[in-house]
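What follows is final14.cif (mmCIF, N, CA, C and O atoms and all ligand atoms).
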data_protein
#
loop_
_atom_site.group_PDB
_atom_site.id
_atom_site.type_symbol
_atom_site.label_atom_id
_atom_site.label_comp_id
_atom_site.auth_asym_id
_atom_site.auth_seq_id
_atom_site.Cartn_x
_atom_site.Cartn_y
_atom_site.Cartn_z
ATOM 1 N N MET Z 14 30.216 -30.968 9.861
ATOM 2 C CA MET Z 14 31.113 -29.966 9.249
ATOM 3 C C MET Z 14 30.643 -28.558 9.568
ATOM 4 O O MET Z 14 29.472 -28.232 9.421
ATOM 5 N N MET Z 15 31.583 -27.778 9.978
ATOM 6 C CA MET Z 15 31.223 -26.396 10.291
ATOM 7 C C MET Z 15 31.916 -25.465 9.295
ATOM 8 O O MET Z 15 33.109 -25.580 9.062
ATOM 9 N N SER Z 16 31.132 -24.607 8.728
ATOM 10 C CA SER Z 16 31.722 -23.679 7.770
ATOM 11 C C SER Z 16 32.257 -22.467 8.511
ATOM 12 O O SER Z 16 31.509 -21.752 9.169
ATOM 13 N N ASP Z 17 33.565 -22.331 8.382
ATOM 14 C CA ASP Z 17 34.171 -21.183 9.063
ATOM 15 C C ASP Z 17 34.274 -20.021 8.096
ATOM 16 O O ASP Z 17 35.241 -19.895 7.368
ATOM 17 N N GLU Z 18 33.248 -19.246 8.121
ATOM 18 C CA GLU Z 18 33.293 -18.111 7.197
ATOM 19 C C GLU Z 18 33.849 -16.890 7.896
ATOM 20 O O GLU Z 18 33.394 -16.553 8.998
ATOM 21 N N PRO Z 19 34.808 -16.294 7.266
ATOM 22 C CA PRO Z 19 35.407 -15.088 7.862
ATOM 23 C C PRO Z 19 34.394 -13.958 7.930
ATOM 24 O O PRO Z 19 33.844 -13.541 6.916
ATOM 25 N N ILE Z 20 34.153 -13.516 9.131
ATOM 26 C CA ILE Z 20 33.195 -12.426 9.286
ATOM 27 C C ILE Z 20 33.903 -11.085 9.143
ATOM 28 O O ILE Z 20 34.861 -10.817 9.862
ATOM 29 N N PRO Z 21 33.448 -10.302 8.230
ATOM 30 C CA PRO Z 21 34.056 -8.980 8.036
ATOM 31 C C PRO Z 21 33.907 -8.133 9.288
ATOM 32 O O PRO Z 21 32.840 -8.043 9.883
ATOM 33 N N LEU Z 22 34.999 -7.522 9.654
ATOM 34 C CA LEU Z 22 34.974 -6.712 10.878
ATOM 35 C C LEU Z 22 34.419 -5.322 10.619
ATOM 36 O O LEU Z 22 34.215 -4.557 11.538
ATOM 37 N N LYS Z 23 34.179 -5.067 9.347
ATOM 38 C CA LYS Z 23 33.696 -3.721 9.041
ATOM 39 C C LYS Z 23 32.259 -3.555 9.526
ATOM 40 O O LYS Z 23 31.374 -4.301 9.131
ATOM 41 N N PRO Z 24 32.062 -2.618 10.373
ATOM 42 C CA PRO Z 24 30.698 -2.363 10.874
ATOM 43 C C PRO Z 24 29.817 -1.824 9.772
ATOM 44 O O PRO Z 24 30.201 -0.939 9.020
ATOM 45 N N ARG Z 25 28.625 -2.372 9.725
ATOM 46 C CA ARG Z 25 27.717 -1.914 8.665
ATOM 47 C C ARG Z 25 27.137 -0.560 9.040
ATOM 48 O O ARG Z 25 26.283 -0.445 9.904
ATOM 49 N N LYS Z 26 27.599 0.412 8.334
ATOM 50 C CA LYS Z 26 27.108 1.768 8.628
ATOM 51 C C LYS Z 26 25.889 2.057 7.777
ATOM 52 O O LYS Z 26 25.957 2.069 6.558
ATOM 53 N N ALA Z 27 24.812 2.263 8.454
ATOM 54 C CA ALA Z 27 23.583 2.555 7.715
ATOM 55 C C ALA Z 27 23.576 4.023 7.324
ATOM 56 O O ALA Z 27 23.385 4.901 8.160
ATOM 57 N N ARG Z 28 23.774 4.219 6.050
ATOM 58 C CA ARG Z 28 23.796 5.603 5.589
ATOM 59 C C ARG Z 28 22.388 6.096 5.260
ATOM 60 O O ARG Z 28 22.200 7.227 4.879
ATOM 61 N N ALA Z 29 21.455 5.181 5.356
ATOM 62 C CA ALA Z 29 20.091 5.557 5.014
ATOM 63 C C ALA Z 29 19.557 6.574 6.012
ATOM 64 O O ALA Z 29 19.602 6.365 7.217
ATOM 65 N N ALA Z 30 19.081 7.653 5.488
ATOM 66 C CA ALA Z 30 18.510 8.681 6.351
ATOM 67 C C ALA Z 30 17.010 8.739 6.153
ATOM 68 O O ALA Z 30 16.481 8.229 5.174
ATOM 69 N N CYS Z 31 16.357 9.351 7.092
ATOM 70 C CA CYS Z 31 14.913 9.501 7.011
ATOM 71 C C CYS Z 31 14.556 10.173 5.679
ATOM 72 O O CYS Z 31 15.034 11.261 5.396
ATOM 73 N N PRO Z 32 13.776 9.501 4.868
ATOM 74 C CA PRO Z 32 13.427 10.049 3.549
ATOM 75 C C PRO Z 32 12.575 11.310 3.649
ATOM 76 O O PRO Z 32 12.370 12.010 2.670
ATOM 77 N N ILE Z 33 12.081 11.586 4.832
ATOM 78 C CA ILE Z 33 11.216 12.755 4.989
ATOM 79 C C ILE Z 33 12.011 13.984 5.364
ATOM 80 O O ILE Z 33 11.885 15.034 4.759
ATOM 81 N N CYS Z 34 12.842 13.840 6.401
ATOM 82 C CA CYS Z 34 13.564 15.026 6.866
ATOM 83 C C CYS Z 34 15.079 14.852 6.784
ATOM 84 O O CYS Z 34 15.806 15.811 6.940
ATOM 85 N N GLY Z 35 15.539 13.633 6.515
ATOM 86 C CA GLY Z 35 16.961 13.430 6.316
ATOM 87 C C GLY Z 35 17.735 13.161 7.587
ATOM 88 O O GLY Z 35 18.953 13.078 7.583
ATOM 89 N N ARG Z 36 17.010 13.014 8.692
ATOM 90 C CA ARG Z 36 17.688 12.734 9.955
ATOM 91 C C ARG Z 36 17.986 11.240 10.058
ATOM 92 O O ARG Z 36 17.347 10.435 9.375
ATOM 93 N N PRO Z 37 18.933 10.890 10.897
ATOM 94 C CA PRO Z 37 19.228 9.465 11.086
ATOM 95 C C PRO Z 37 18.000 8.728 11.580
ATOM 96 O O PRO Z 37 17.282 9.217 12.451
ATOM 97 N N PRO Z 38 17.739 7.565 11.017
ATOM 98 C CA PRO Z 38 16.533 6.823 11.352
ATOM 99 C C PRO Z 38 16.580 6.247 12.761
ATOM 100 O O PRO Z 38 17.633 5.923 13.277
ATOM 101 N N ALA Z 39 15.418 6.142 13.342
ATOM 102 C CA ALA Z 39 15.318 5.558 14.670
ATOM 103 C C ALA Z 39 14.986 4.074 14.533
ATOM 104 O O ALA Z 39 14.237 3.692 13.639
ATOM 105 N N PRO Z 40 15.552 3.258 15.418
ATOM 106 C CA PRO Z 40 15.337 1.805 15.312
ATOM 107 C C PRO Z 40 13.868 1.419 15.390
ATOM 108 O O PRO Z 40 13.459 0.426 14.831
ATOM 109 N N GLU Z 41 13.080 2.210 16.096
ATOM 110 C CA GLU Z 41 11.677 1.839 16.257
ATOM 111 C C GLU Z 41 10.799 2.395 15.137
ATOM 112 O O GLU Z 41 9.616 2.154 15.103
ATOM 113 N N ALA Z 42 11.425 3.169 14.276
ATOM 114 C CA ALA Z 42 10.614 3.765 13.215
ATOM 115 C C ALA Z 42 11.320 3.693 11.871
ATOM 116 O O ALA Z 42 11.063 4.482 10.993
ATOM 117 N N LYS Z 43 12.225 2.715 11.761
ATOM 118 C CA LYS Z 43 12.965 2.597 10.513
ATOM 119 C C LYS Z 43 12.030 2.493 9.326
ATOM 120 O O LYS Z 43 10.993 1.862 9.413
ATOM 121 N N PRO Z 44 12.399 3.032 8.181
ATOM 122 C CA PRO Z 44 13.642 3.791 7.979
ATOM 123 C C PRO Z 44 13.484 5.260 8.326
ATOM 124 O O PRO Z 44 14.275 6.071 7.918
ATOM 125 N N PHE Z 45 12.455 5.550 9.058
ATOM 126 C CA PHE Z 45 12.197 6.945 9.398
ATOM 127 C C PHE Z 45 12.806 7.286 10.744
ATOM 128 O O PHE Z 45 13.174 6.407 11.510
ATOM 129 N N CYS Z 46 12.868 8.576 11.021
ATOM 130 C CA CYS Z 46 13.482 9.010 12.260
ATOM 131 C C CYS Z 46 12.453 8.993 13.379
ATOM 132 O O CYS Z 46 12.783 9.018 14.547
ATOM 133 N N SER Z 47 11.190 8.960 12.995
ATOM 134 C CA SER Z 47 10.148 8.980 14.014
ATOM 135 C C SER Z 47 8.841 8.509 13.403
ATOM 136 O O SER Z 47 8.694 8.431 12.187
ATOM 137 N N ARG Z 48 7.898 8.210 14.291
ATOM 138 C CA ARG Z 48 6.595 7.766 13.796
ATOM 139 C C ARG Z 48 5.926 8.841 12.955
ATOM 140 O O ARG Z 48 5.144 8.582 12.073
ATOM 141 N N ARG Z 49 6.243 10.066 13.323
ATOM 142 C CA ARG Z 49 5.612 11.182 12.603
ATOM 143 C C ARG Z 49 6.012 11.162 11.131
ATOM 144 O O ARG Z 49 5.191 11.291 10.240
ATOM 145 N N CYS Z 50 7.306 10.995 10.916
ATOM 146 C CA CYS Z 50 7.780 10.978 9.541
ATOM 147 C C CYS Z 50 7.221 9.761 8.813
ATOM 148 O O CYS Z 50 6.895 9.833 7.634
ATOM 149 N N ALA Z 51 7.089 8.667 9.530
ATOM 150 C CA ALA Z 51 6.520 7.474 8.912
ATOM 151 C C ALA Z 51 5.098 7.753 8.470
ATOM 152 O O ALA Z 51 4.669 7.348 7.396
ATOM 153 N N ASP Z 52 4.377 8.462 9.306
ATOM 154 C CA ASP Z 52 3.001 8.810 8.969
ATOM 155 C C ASP Z 52 2.965 9.739 7.762
ATOM 156 O O ASP Z 52 2.136 9.605 6.880
ATOM 157 N N VAL Z 53 3.895 10.680 7.762
ATOM 158 C CA VAL Z 53 3.949 11.624 6.651
ATOM 159 C C VAL Z 53 4.190 10.879 5.354
ATOM 160 O O VAL Z 53 3.539 11.123 4.340
ATOM 161 N N ASP Z 54 5.121 9.943 5.416
ATOM 162 C CA ASP Z 54 5.440 9.193 4.209
ATOM 163 C C ASP Z 54 4.240 8.378 3.766
ATOM 164 O O ASP Z 54 3.907 8.313 2.593
ATOM 165 N N LEU Z 55 3.582 7.779 4.725
ATOM 166 C CA LEU Z 55 2.402 6.968 4.399
ATOM 167 C C LEU Z 55 1.340 7.826 3.730
ATOM 168 O O LEU Z 55 0.732 7.442 2.747
ATOM 169 N N GLY Z 56 1.146 9.017 4.283
ATOM 170 C CA GLY Z 56 0.154 9.924 3.720
ATOM 171 C C GLY Z 56 0.527 10.307 2.305
ATOM 172 O O GLY Z 56 -0.312 10.323 1.414
ATOM 173 N N ARG Z 57 1.803 10.570 2.110
ATOM 174 C CA ARG Z 57 2.251 10.942 0.770
ATOM 175 C C ARG Z 57 2.006 9.800 -0.194
ATOM 176 O O ARG Z 57 1.531 9.985 -1.302
ATOM 177 N N TRP Z 58 2.356 8.637 0.276
ATOM 178 C CA TRP Z 58 2.237 7.458 -0.581
ATOM 179 C C TRP Z 58 0.785 7.245 -0.982
ATOM 180 O O TRP Z 58 0.470 6.996 -2.131
ATOM 181 N N LEU Z 59 -0.087 7.374 -0.012
ATOM 182 C CA LEU Z 59 -1.507 7.174 -0.304
ATOM 183 C C LEU Z 59 -2.002 8.243 -1.262
ATOM 184 O O LEU Z 59 -2.760 7.979 -2.179
ATOM 185 N N ASN Z 60 -1.561 9.471 -1.012
ATOM 186 C CA ASN Z 60 -1.980 10.566 -1.876
ATOM 187 C C ASN Z 60 -1.520 10.327 -3.302
ATOM 188 O O ASN Z 60 -2.243 10.564 -4.259
ATOM 189 N N GLU Z 61 -0.278 9.896 -3.409
ATOM 190 C CA GLU Z 61 0.287 9.708 -4.726
ATOM 191 C C GLU Z 61 -0.402 8.568 -5.462
ATOM 192 O O GLU Z 61 -0.592 8.598 -6.648
ATOM 193 N N SER Z 62 -0.771 7.562 -4.700
ATOM 194 C CA SER Z 62 -1.388 6.404 -5.336
ATOM 195 C C SER Z 62 -2.684 6.801 -6.023
ATOM 196 O O SER Z 62 -3.153 6.148 -6.944
ATOM 197 N N TYR Z 63 -3.265 7.892 -5.538
ATOM 198 C CA TYR Z 63 -4.507 8.352 -6.163
ATOM 199 C C TYR Z 63 -4.220 9.090 -7.466
ATOM 200 O O TYR Z 63 -4.970 9.037 -8.408
ATOM 201 N N ARG Z 64 -3.096 9.788 -7.444
ATOM 202 C CA ARG Z 64 -2.787 10.637 -8.594
ATOM 203 C C ARG Z 64 -1.962 9.913 -9.650
ATOM 204 O O ARG Z 64 -1.931 10.325 -10.783
ATOM 205 N N VAL Z 65 -1.286 8.899 -9.219
ATOM 206 C CA VAL Z 65 -0.432 8.195 -10.184
ATOM 207 C C VAL Z 65 -1.292 7.558 -11.276
ATOM 208 O O VAL Z 65 -2.293 6.930 -11.015
ATOM 209 N N PRO Z 66 -0.899 7.837 -12.501
ATOM 210 C CA PRO Z 66 -1.660 7.271 -13.625
ATOM 211 C C PRO Z 66 -1.422 5.774 -13.743
ATOM 212 O O PRO Z 66 -0.294 5.320 -13.833
ATOM 213 N N VAL Z 67 -2.503 5.086 -13.743
ATOM 214 C CA VAL Z 67 -2.378 3.630 -13.817
ATOM 215 C C VAL Z 67 -2.252 3.198 -15.267
ATOM 216 O O VAL Z 67 -3.127 3.452 -16.080
ATOM 217 N N THR Z 68 -1.152 2.570 -15.537
ATOM 218 C CA THR Z 68 -0.942 2.106 -16.908
ATOM 219 C C THR Z 68 -1.538 0.706 -17.049
ATOM 220 O O THR Z 68 -1.167 -0.206 -16.343
ATOM 221 N N GLU Z 69 -2.444 0.646 -17.961
ATOM 222 C CA GLU Z 69 -3.111 -0.645 -18.133
ATOM 223 C C GLU Z 69 -2.240 -1.571 -18.960
ATOM 224 O O GLU Z 69 -2.011 -1.350 -20.146
ATOM 225 N N GLU Z 70 -1.783 -2.551 -18.293
ATOM 226 C CA GLU Z 70 -0.920 -3.509 -18.988
ATOM 227 C C GLU Z 70 -1.693 -4.786 -19.226
ATOM 228 O O GLU Z 70 -2.222 -5.393 -18.310
ATOM 229 N N THR Z 71 -1.699 -5.150 -20.462
ATOM 230 C CA THR Z 71 -2.423 -6.377 -20.772
ATOM 231 C C THR Z 71 -1.486 -7.559 -20.601
ATOM 232 O O THR Z 71 -0.489 -7.685 -21.284
ATOM 233 N N ASP Z 72 -1.829 -8.343 -19.663
ATOM 234 C CA ASP Z 72 -1.012 -9.512 -19.382
ATOM 235 C C ASP Z 72 -1.487 -10.670 -20.245
ATOM 236 O O ASP Z 72 -2.561 -11.200 -20.058
ATOM 237 N N GLU Z 73 -0.650 -10.991 -21.180
ATOM 238 C CA GLU Z 73 -1.070 -12.074 -22.059
ATOM 239 C C GLU Z 73 -0.748 -13.415 -21.420
ATOM 240 O O GLU Z 73 0.402 -13.789 -21.261
ATOM 241 N N ASP Z 74 -1.798 -14.050 -21.073
ATOM 242 C CA ASP Z 74 -1.628 -15.361 -20.455
ATOM 243 C C ASP Z 74 -1.951 -16.449 -21.475
ATOM 244 O O ASP Z 74 -3.097 -16.650 -21.833
ATOM 245 N N GLY Z 75 -0.918 -17.060 -21.912
ATOM 246 C CA GLY Z 75 -1.157 -18.108 -22.899
ATOM 247 C C GLY Z 75 -1.434 -19.451 -22.232
ATOM 248 O O GLY Z 75 -0.835 -20.462 -22.558
ATOM 249 N N GLU Z 76 -2.334 -19.382 -21.293
ATOM 250 C CA GLU Z 76 -2.622 -20.626 -20.574
ATOM 251 C C GLU Z 76 -3.942 -21.214 -21.075
ATOM 252 O O GLU Z 76 -4.983 -20.568 -20.995
ATOM 253 N N ALA Z 77 -3.849 -22.385 -21.560
ATOM 254 C CA ALA Z 77 -5.064 -23.025 -22.063
ATOM 255 C C ALA Z 77 -5.821 -23.667 -20.904
ATOM 256 O O ALA Z 77 -5.227 -24.272 -20.020
ATOM 257 N N VAL Z 78 -7.101 -23.428 -20.924
ATOM 258 C CA VAL Z 78 -7.913 -24.002 -19.853
ATOM 259 C C VAL Z 78 -8.221 -25.470 -20.163
ATOM 260 O O VAL Z 78 -8.798 -25.783 -21.209
ATOM 261 N N PRO Z 79 -7.813 -26.297 -19.284
ATOM 262 C CA PRO Z 79 -8.062 -27.733 -19.508
ATOM 263 C C PRO Z 79 -9.545 -28.064 -19.443
ATOM 264 O O PRO Z 79 -10.307 -27.451 -18.715
ATOM 265 N N GLY Z 80 -9.922 -29.003 -20.227
ATOM 266 C CA GLY Z 80 -11.328 -29.394 -20.269
ATOM 267 C C GLY Z 80 -11.755 -29.998 -18.944
ATOM 268 O O GLY Z 80 -10.929 -30.355 -18.094
ATOM 269 N N THR Z 81 -13.023 -30.036 -18.755
ATOM 270 C CA THR Z 81 -13.538 -30.587 -17.500
ATOM 271 C C THR Z 81 -13.268 -32.092 -17.432
ATOM 272 O O THR Z 81 -13.431 -32.810 -18.413
ATOM 273 N N GLU Z 82 -12.832 -32.434 -16.280
ATOM 274 C CA GLU Z 82 -12.497 -33.862 -16.125
ATOM 275 C C GLU Z 82 -13.767 -34.693 -15.937
ATOM 276 O O GLU Z 82 -14.657 -34.327 -15.173
ATOM 277 N N ARG Z 83 -13.769 -35.759 -16.629
ATOM 278 C CA ARG Z 83 -14.931 -36.630 -16.487
ATOM 279 C C ARG Z 83 -14.540 -37.857 -15.684
ATOM 280 O O ARG Z 83 -13.659 -38.593 -16.039
ATOM 281 N N GLY Z 84 -15.146 -38.010 -14.598
ATOM 282 C CA GLY Z 84 -14.793 -39.143 -13.792
ATOM 283 C C GLY Z 84 -15.828 -40.195 -13.937
ATOM 284 O O GLY Z 84 -15.892 -41.186 -13.348
HETATM 285 ZN ZN ZN X 101 12.244 12.245 9.760
#
Is it possible to express this structure as structure tokens?
Amino acid sequence: MMSDEPIPLKPRKARAACPICGRPPAPEAKPFCSRRCADVDLGRWLNESYRVPVTEETDEDGEAVPGTERG
């Protein structure tokens, strides 16, 4: 059985622009327009990760540890 799914003829227009400078992204540097912008974003991200306040979330794990198996 072959599923004949109607393929939409509407071309997918990527409206996403380079988050750094707003230029159309390049295929080799998506979603950035160039490697330079990618680097800039990476640098920003790393910088921010240092400054971003880490919220300590206590993960309550209600997992009981099973006793040691005796063989
Ligand atoms: Zn750019």
### Task
Please identify the residues whose atoms come within 5 Å of ligand ZN 101 (chain X), using only N, CA, C and O atoms and all ligand atoms, and report them as a ChimeraX atom specification.
/Z:31,33-36,46-47,50
### Message
Which of chain Z end up as alpha helix (DSSP H) when DSSP is run on this backbone - answer as a PyMOL selection string?
### Response
chain Z and resi 48-64
Can you write out the residues you just picked, keeping N, CA, C and O atoms, as an mmCIF file, keeping the file's coordinate frame?
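So the final result, stored in result_18.cif, reads:
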data_model
loop_
_atom_site.group_PDB
_atom_site.id
_atom_site.type_symbol
_atom_site.label_atom_id
_atom_site.label_comp_id
_atom_site.auth_asym_id
_atom_site.auth_seq_id
_atom_site.Cartn_x
_atom_site.Cartn_y
_atom_site.Cartn_z
ATOM 1 N N ARG Z 48 7.898 8.210 14.291
ATOM 2 C CA ARG Z 48 6.595 7.766 13.796
ATOM 3 C C ARG Z 48 5.926 8.841 12.955
ATOM 4 O O ARG Z 48 5.144 8.582 12.073
ATOM 5 N N ARG Z 49 6.243 10.066 13.323
ATOM 6 C CA ARG Z 49 5.612 11.182 12.603
ATOM 7 C C ARG Z 49 6.012 11.162 11.131
ATOM 8 O O ARG Z 49 5.191 11.291 10.240
ATOM 9 N N CYS Z 50 7.306 10.995 10.916
ATOM 10 C CA CYS Z 50 7.780 10.978 9.541
ATOM 11 C C CYS Z 50 7.221 9.761 8.813
ATOM 12 O O CYS Z 50 6.895 9.833 7.634
ATOM 13 N N ALA Z 51 7.089 8.667 9.530
ATOM 14 C CA ALA Z 51 6.520 7.474 8.912
ATOM 15 C C ALA Z 51 5.098 7.753 8.470
ATOM 16 O O ALA Z 51 4.669 7.348 7.396
ATOM 17 N N ASP Z 52 4.377 8.462 9.306
ATOM 18 C CA ASP Z 52 3.001 8.810 8.969
ATOM 19 C C ASP Z 52 2.965 9.739 7.762
ATOM 20 O O ASP Z 52 2.136 9.605 6.880
ATOM 21 N N VAL Z 53 3.895 10.680 7.762
ATOM 22 C CA VAL Z 53 3.949 11.624 6.651
ATOM 23 C C VAL Z 53 4.190 10.879 5.354
ATOM 24 O O VAL Z 53 3.539 11.123 4.340
ATOM 25 N N ASP Z 54 5.121 9.943 5.416
ATOM 26 C CA ASP Z 54 5.440 9.193 4.209
ATOM 27 C C ASP Z 54 4.240 8.378 3.766
ATOM 28 O O ASP Z 54 3.907 8.313 2.593
ATOM 29 N N LEU Z 55 3.582 7.779 4.725
ATOM 30 C CA LEU Z 55 2.402 6.968 4.399
ATOM 31 C C LEU Z 55 1.340 7.826 3.730
ATOM 32 O O LEU Z 55 0.732 7.442 2.747
ATOM 33 N N GLY Z 56 1.146 9.017 4.283
ATOM 34 C CA GLY Z 56 0.154 9.924 3.720
ATOM 35 C C GLY Z 56 0.527 10.307 2.305
ATOM 36 O O GLY Z 56 -0.312 10.323 1.414
ATOM 37 N N ARG Z 57 1.803 10.570 2.110
ATOM 38 C CA ARG Z 57 2.251 10.942 0.770
ATOM 39 C C ARG Z 57 2.006 9.800 -0.194
ATOM 40 O O ARG Z 57 1.531 9.985 -1.302
ATOM 41 N N TRP Z 58 2.356 8.637 0.276
ATOM 42 C CA TRP Z 58 2.237 7.458 -0.581
ATOM 43 C C TRP Z 58 0.785 7.245 -0.982
ATOM 44 O O TRP Z 58 0.470 6.996 -2.131
ATOM 45 N N LEU Z 59 -0.087 7.374 -0.012
ATOM 46 C CA LEU Z 59 -1.507 7.174 -0.304
ATOM 47 C C LEU Z 59 -2.002 8.243 -1.262
ATOM 48 O O LEU Z 59 -2.760 7.979 -2.179
ATOM 49 N N ASN Z 60 -1.561 9.471 -1.012
ATOM 50 C CA ASN Z 60 -1.980 10.566 -1.876
ATOM 51 C C ASN Z 60 -1.520 10.327 -3.302
ATOM 52 O O ASN Z 60 -2.243 10.564 -4.259
ATOM 53 N N GLU Z 61 -0.278 9.896 -3.409
ATOM 54 C CA GLU Z 61 0.287 9.708 -4.726
ATOM 55 C C GLU Z 61 -0.402 8.568 -5.462
ATOM 56 O O GLU Z 61 -0.592 8.598 -6.648
ATOM 57 N N SER Z 62 -0.771 7.562 -4.700
ATOM 58 C CA SER Z 62 -1.388 6.404 -5.336
ATOM 59 C C SER Z 62 -2.684 6.801 -6.023
ATOM 60 O O SER Z 62 -3.153 6.148 -6.944
ATOM 61 N N TYR Z 63 -3.265 7.892 -5.538
ATOM 62 C CA TYR Z 63 -4.507 8.352 -6.163
ATOM 63 C C TYR Z 63 -4.220 9.090 -7.466
ATOM 64 O O TYR Z 63 -4.970 9.037 -8.408
ATOM 65 N N ARG Z 64 -3.096 9.788 -7.444
ATOM 66 C CA ARG Z 64 -2.787 10.637 -8.594
ATOM 67 C C ARG Z 64 -1.962 9.913 -9.650
ATOM 68 O O ARG Z 64 -1.931 10.325 -10.783
#
### Task
Enter the distance from atom N of Pro32 in chain Z to atom C of Phe45 in chain Z, in Å, rounded to one decimal.
6.4 Å
### Task
Find the residue from Z:Ala51, Z:Asp17, Z:Leu22, Z:Tyr63 that sits nearest to Ala39 in chain Z; use only C-alpha atoms when measuring.
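Of Z:Ala51, Z:Asp17, Z:Leu22, Z:Tyr63, the one nearest Ala39 in chain Z is Z:Ala51, counting only C-alpha atoms.
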### Message
Quick check, in Å to one decimal: how far apart do CA of Asp52 in chain Z and CA of Arg64 in chain Z lie?
### Response
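Between CA of Asp52 in chain Z and CA of Arg64 in chain Z the gap works out to 18.6 Å.
Here atom O of Leu59 in chain Z and atom O of Ala42 in chain Z stand 19.4 Å from one another.
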